[in-house]
Amino acid sequence: VEGLIYVAEFHQKVALPRVPADVALVLANCYDDLGTPAILPDDQRGQRDLVTRIIASGHSRIAYLALRSGVEAGRLRTAGYLDALAAAGIPHDPALLATCDLPDREAETRLLLATIDAMLRLPDPPTVLCCGTDKMALEVYGILRSLGLKLPEEISVAGYDDYRVISEQLYPPLT
């Protein structure tokens, strides 16, 4: 073997067994403490760019349904959300930021429902729900429709990661 490419399922830190010095190793979607060459997503910039685009579309009450902070992408994407708000001079409202990513799918759905319900009951509710992933956005579409809300007339939804199996099948199309 002349070289190896190790691809992780999601953006994360890894600890791999050492490979012989004459075998090239490149990490994809992950990094290690050894400084192994790695190709990483820029989750912070991606989220910042998405929220900046949402702001440019006229939204200022932007809720973020975040990934858990223990996940690298969760920490970075939340930072990108806050960066975009700050750059636009929009004060961060803690009521519009909630971690909604859980390992248990049923628990996550219940949490999303409760979080969205609480956000929509705010005196000044969000006009858009920005989701940590497209998978989460798919669930949010269903929750909003079950609440009788029209997309995008009454509320908008944005996803992150352009998982095309999801983003291209939703109507209206997912941002």
# chains A, B, ... in the order shown; residues from 1 in each chain; ligands from 1
call {"tool": "select_by_dssp", "arguments": {"residues": "segment 10-169 of chain A", "states": "alpha helix (DSSP H)", "output": "PyMOL selection string"}}
result
chain A and resi 43-56+72-87+105-120+134-146+164-167
call {"tool": "residues_around", "arguments": {"residues": "Leu4 of chain A", "least_positions_apart": "4", "cutoff": "9 Å", "atoms": "only C-alpha atoms", "output": "list in words"}}
result
Val23, Ala24, Leu25, Val26 and Leu27 of chain A
call {"tool": "select_by_dssp", "arguments": {"residues": "chain A", "states": "strand (DSSP E)", "output": "PyMOL selection string"}}
result
chain A and resi 3-13+24-31+38-39+62-66+97-99+128-131+156-158
call {"tool": "residues_around", "arguments": {"residues": "His59 of chain A", "least_positions_apart": "6", "cutoff": "12 Å", "atoms": "only C-alpha atoms", "output": "PyMOL selection string"}}
result
chain A and resi 50-53+85+88+90+125-130+155-158
call {"tool": "write_last_selection", "arguments": {"atoms": "N, CA and C atoms", "output": "short mmCIF file (atom, residue, chain, number, x, y, z; two decimals), in the first residue's frame"}}
result
data_model
loop_
_atom_site.label_atom_id
_atom_site.label_comp_id
_atom_site.auth_asym_id
_atom_site.auth_seq_id
_atom_site.Cartn_x
_atom_site.Cartn_y
_atom_site.Cartn_z
N LEU A 50 -24.46 30.66 5.69
CA LEU A 50 -25.88 30.36 5.58
C LEU A 50 -26.71 31.40 6.32
N VAL A 51 -26.34 31.72 7.55
CA VAL A 51 -27.10 32.71 8.32
C VAL A 51 -26.97 34.09 7.70
N THR A 52 -25.83 34.41 7.15
CA THR A 52 -25.66 35.70 6.45
C THR A 52 -26.61 35.78 5.26
N ARG A 53 -26.76 34.69 4.55
CA ARG A 53 -27.70 34.64 3.41
C ARG A 53 -29.14 34.80 3.89
N LEU A 85 -24.79 36.69 13.22
CA LEU A 85 -25.66 37.65 13.91
C LEU A 85 -24.85 38.88 14.32
N ALA A 88 -23.94 41.24 11.55
CA ALA A 88 -25.09 42.00 11.04
C ALA A 88 -25.65 42.96 12.08
N ILE A 90 -27.16 42.08 14.82
CA ILE A 90 -28.39 41.52 15.38
C ILE A 90 -28.04 40.93 16.75
N PRO A 125 -41.69 35.74 17.83
CA PRO A 125 -41.19 34.42 17.41
C PRO A 125 -40.24 34.52 16.21
N PRO A 126 -39.50 33.45 15.97
CA PRO A 126 -38.61 33.45 14.81
C PRO A 126 -39.40 33.42 13.50
N THR A 127 -38.78 33.95 12.47
CA THR A 127 -39.37 33.88 11.13
C THR A 127 -38.74 32.75 10.32
N VAL A 128 -37.64 32.22 10.84
CA VAL A 128 -36.96 31.12 10.18
C VAL A 128 -36.34 30.21 11.24
N LEU A 129 -36.41 28.91 10.98
CA LEU A 129 -35.76 27.92 11.82
C LEU A 129 -34.57 27.37 11.03
N CYS A 130 -33.40 27.63 11.52
CA CYS A 130 -32.17 27.17 10.89
C CYS A 130 -31.77 25.88 11.61
N ILE A 155 -43.54 30.61 7.98
CA ILE A 155 -42.23 30.41 8.59
C ILE A 155 -41.33 29.70 7.58
N SER A 156 -40.05 30.02 7.63
CA SER A 156 -39.09 29.41 6.72
C SER A 156 -38.21 28.42 7.47
N VAL A 157 -37.60 27.52 6.71
CA VAL A 157 -36.70 26.51 7.28
C VAL A 157 -35.44 26.45 6.42
N ALA A 158 -34.30 26.37 7.09
CA ALA A 158 -33.03 26.18 6.40
C ALA A 158 -32.32 24.98 7.00
#
call {"tool": "closest_residue", "arguments": {"among": "A:Pro91, A:Pro172, A:Tyr31, A:Thr133", "to": "Lys150 of chain A", "atoms": "only C-alpha atoms"}}
result
A:Pro172
call {"tool": "decode", "arguments": {"residues": "segment 1-12 of chain A", "atoms": "all heavy atoms", "output": "short mmCIF file (atom, residue, chain, number, x, y, z; two decimals), in the first residue's frame"}}
result
data_model
loop_
_atom_site.label_atom_id
_atom_site.label_comp_id
_atom_site.auth_asym_id
_atom_site.auth_seq_id
_atom_site.Cartn_x
_atom_site.Cartn_y
_atom_site.Cartn_z
N VAL A 1 0.85 -1.18 0.00
CA VAL A 1 0.00 0.00 0.00
C VAL A 1 0.89 1.23 0.00
O VAL A 1 1.80 1.35 0.81
CB VAL A 1 -0.93 0.01 1.24
CG1 VAL A 1 -1.68 1.31 1.34
CG2 VAL A 1 -1.88 -1.17 1.20
N GLU A 2 0.61 2.15 -0.92
CA GLU A 2 1.39 3.38 -1.00
C GLU A 2 0.78 4.51 -0.18
O GLU A 2 1.47 5.44 0.21
CB GLU A 2 1.53 3.83 -2.45
CG GLU A 2 2.36 2.86 -3.27
CD GLU A 2 2.45 3.29 -4.72
OE1 GLU A 2 2.27 4.47 -5.01
OE2 GLU A 2 2.68 2.40 -5.55
N GLY A 3 -0.51 4.42 0.03
CA GLY A 3 -1.16 5.49 0.78
C GLY A 3 -2.53 5.07 1.26
O GLY A 3 -3.16 4.16 0.70
N LEU A 4 -3.00 5.74 2.29
CA LEU A 4 -4.31 5.48 2.86
C LEU A 4 -5.08 6.80 3.00
O LEU A 4 -4.49 7.82 3.36
CB LEU A 4 -4.18 4.85 4.25
CG LEU A 4 -3.51 3.50 4.35
CD1 LEU A 4 -3.22 3.16 5.81
CD2 LEU A 4 -4.39 2.43 3.73
N ILE A 5 -6.36 6.72 2.75
CA ILE A 5 -7.25 7.84 3.04
C ILE A 5 -8.26 7.30 4.06
O ILE A 5 -8.96 6.34 3.78
CB ILE A 5 -7.99 8.34 1.78
CG1 ILE A 5 -6.98 8.80 0.74
CG2 ILE A 5 -8.97 9.45 2.15
CD1 ILE A 5 -7.62 9.15 -0.60
N TYR A 6 -8.27 7.92 5.22
CA TYR A 6 -9.22 7.51 6.26
C TYR A 6 -10.35 8.54 6.28
O TYR A 6 -10.10 9.73 6.48
CB TYR A 6 -8.54 7.43 7.63
CG TYR A 6 -9.51 7.03 8.72
CD1 TYR A 6 -9.78 5.70 8.96
CD2 TYR A 6 -10.18 7.98 9.47
CE1 TYR A 6 -10.68 5.30 9.94
CE2 TYR A 6 -11.09 7.61 10.45
CZ TYR A 6 -11.34 6.27 10.68
OH TYR A 6 -12.24 5.90 11.64
N VAL A 7 -11.58 8.08 6.05
CA VAL A 7 -12.73 8.96 6.00
C VAL A 7 -13.63 8.67 7.21
O VAL A 7 -14.09 7.55 7.38
CB VAL A 7 -13.55 8.77 4.70
CG1 VAL A 7 -14.72 9.72 4.64
CG2 VAL A 7 -12.64 8.94 3.47
N ALA A 8 -13.88 9.70 8.01
CA ALA A 8 -14.76 9.56 9.17
C ALA A 8 -16.20 9.87 8.77
O ALA A 8 -16.46 10.63 7.84
CB ALA A 8 -14.32 10.49 10.29
N GLU A 9 -17.12 9.30 9.52
CA GLU A 9 -18.55 9.49 9.25
C GLU A 9 -18.99 10.94 9.45
O GLU A 9 -19.87 11.43 8.76
CB GLU A 9 -19.36 8.57 10.17
CG GLU A 9 -20.84 8.65 9.96
CD GLU A 9 -21.60 7.74 10.89
OE1 GLU A 9 -21.01 7.12 11.79
OE2 GLU A 9 -22.82 7.65 10.70
N PHE A 10 -18.39 11.61 10.42
CA PHE A 10 -18.70 13.02 10.68
C PHE A 10 -17.45 13.71 11.19
O PHE A 10 -16.48 13.06 11.58
CB PHE A 10 -19.88 13.16 11.67
CG PHE A 10 -19.67 12.43 12.97
CD1 PHE A 10 -19.04 13.06 14.04
CD2 PHE A 10 -20.10 11.12 13.13
CE1 PHE A 10 -18.85 12.40 15.24
CE2 PHE A 10 -19.91 10.45 14.33
CZ PHE A 10 -19.28 11.09 15.39
N HIS A 11 -17.45 15.03 11.20
CA HIS A 11 -16.31 15.84 11.62
C HIS A 11 -15.96 15.50 13.07
O HIS A 11 -16.75 15.76 13.97
CB HIS A 11 -16.71 17.31 11.48
CG HIS A 11 -15.57 18.26 11.68
ND1 HIS A 11 -15.69 19.58 11.37
CD2 HIS A 11 -14.32 18.11 12.15
CE1 HIS A 11 -14.56 20.21 11.65
NE2 HIS A 11 -13.72 19.33 12.12
N GLN A 12 -14.78 14.90 13.26
CA GLN A 12 -14.42 14.46 14.60
C GLN A 12 -12.92 14.28 14.73
O GLN A 12 -12.18 14.19 13.76
CB GLN A 12 -15.11 13.14 14.92
CG GLN A 12 -14.71 12.02 13.97
CD GLN A 12 -15.45 10.74 14.24
OE1 GLN A 12 -15.32 10.19 15.32
NE2 GLN A 12 -16.20 10.27 13.26
#
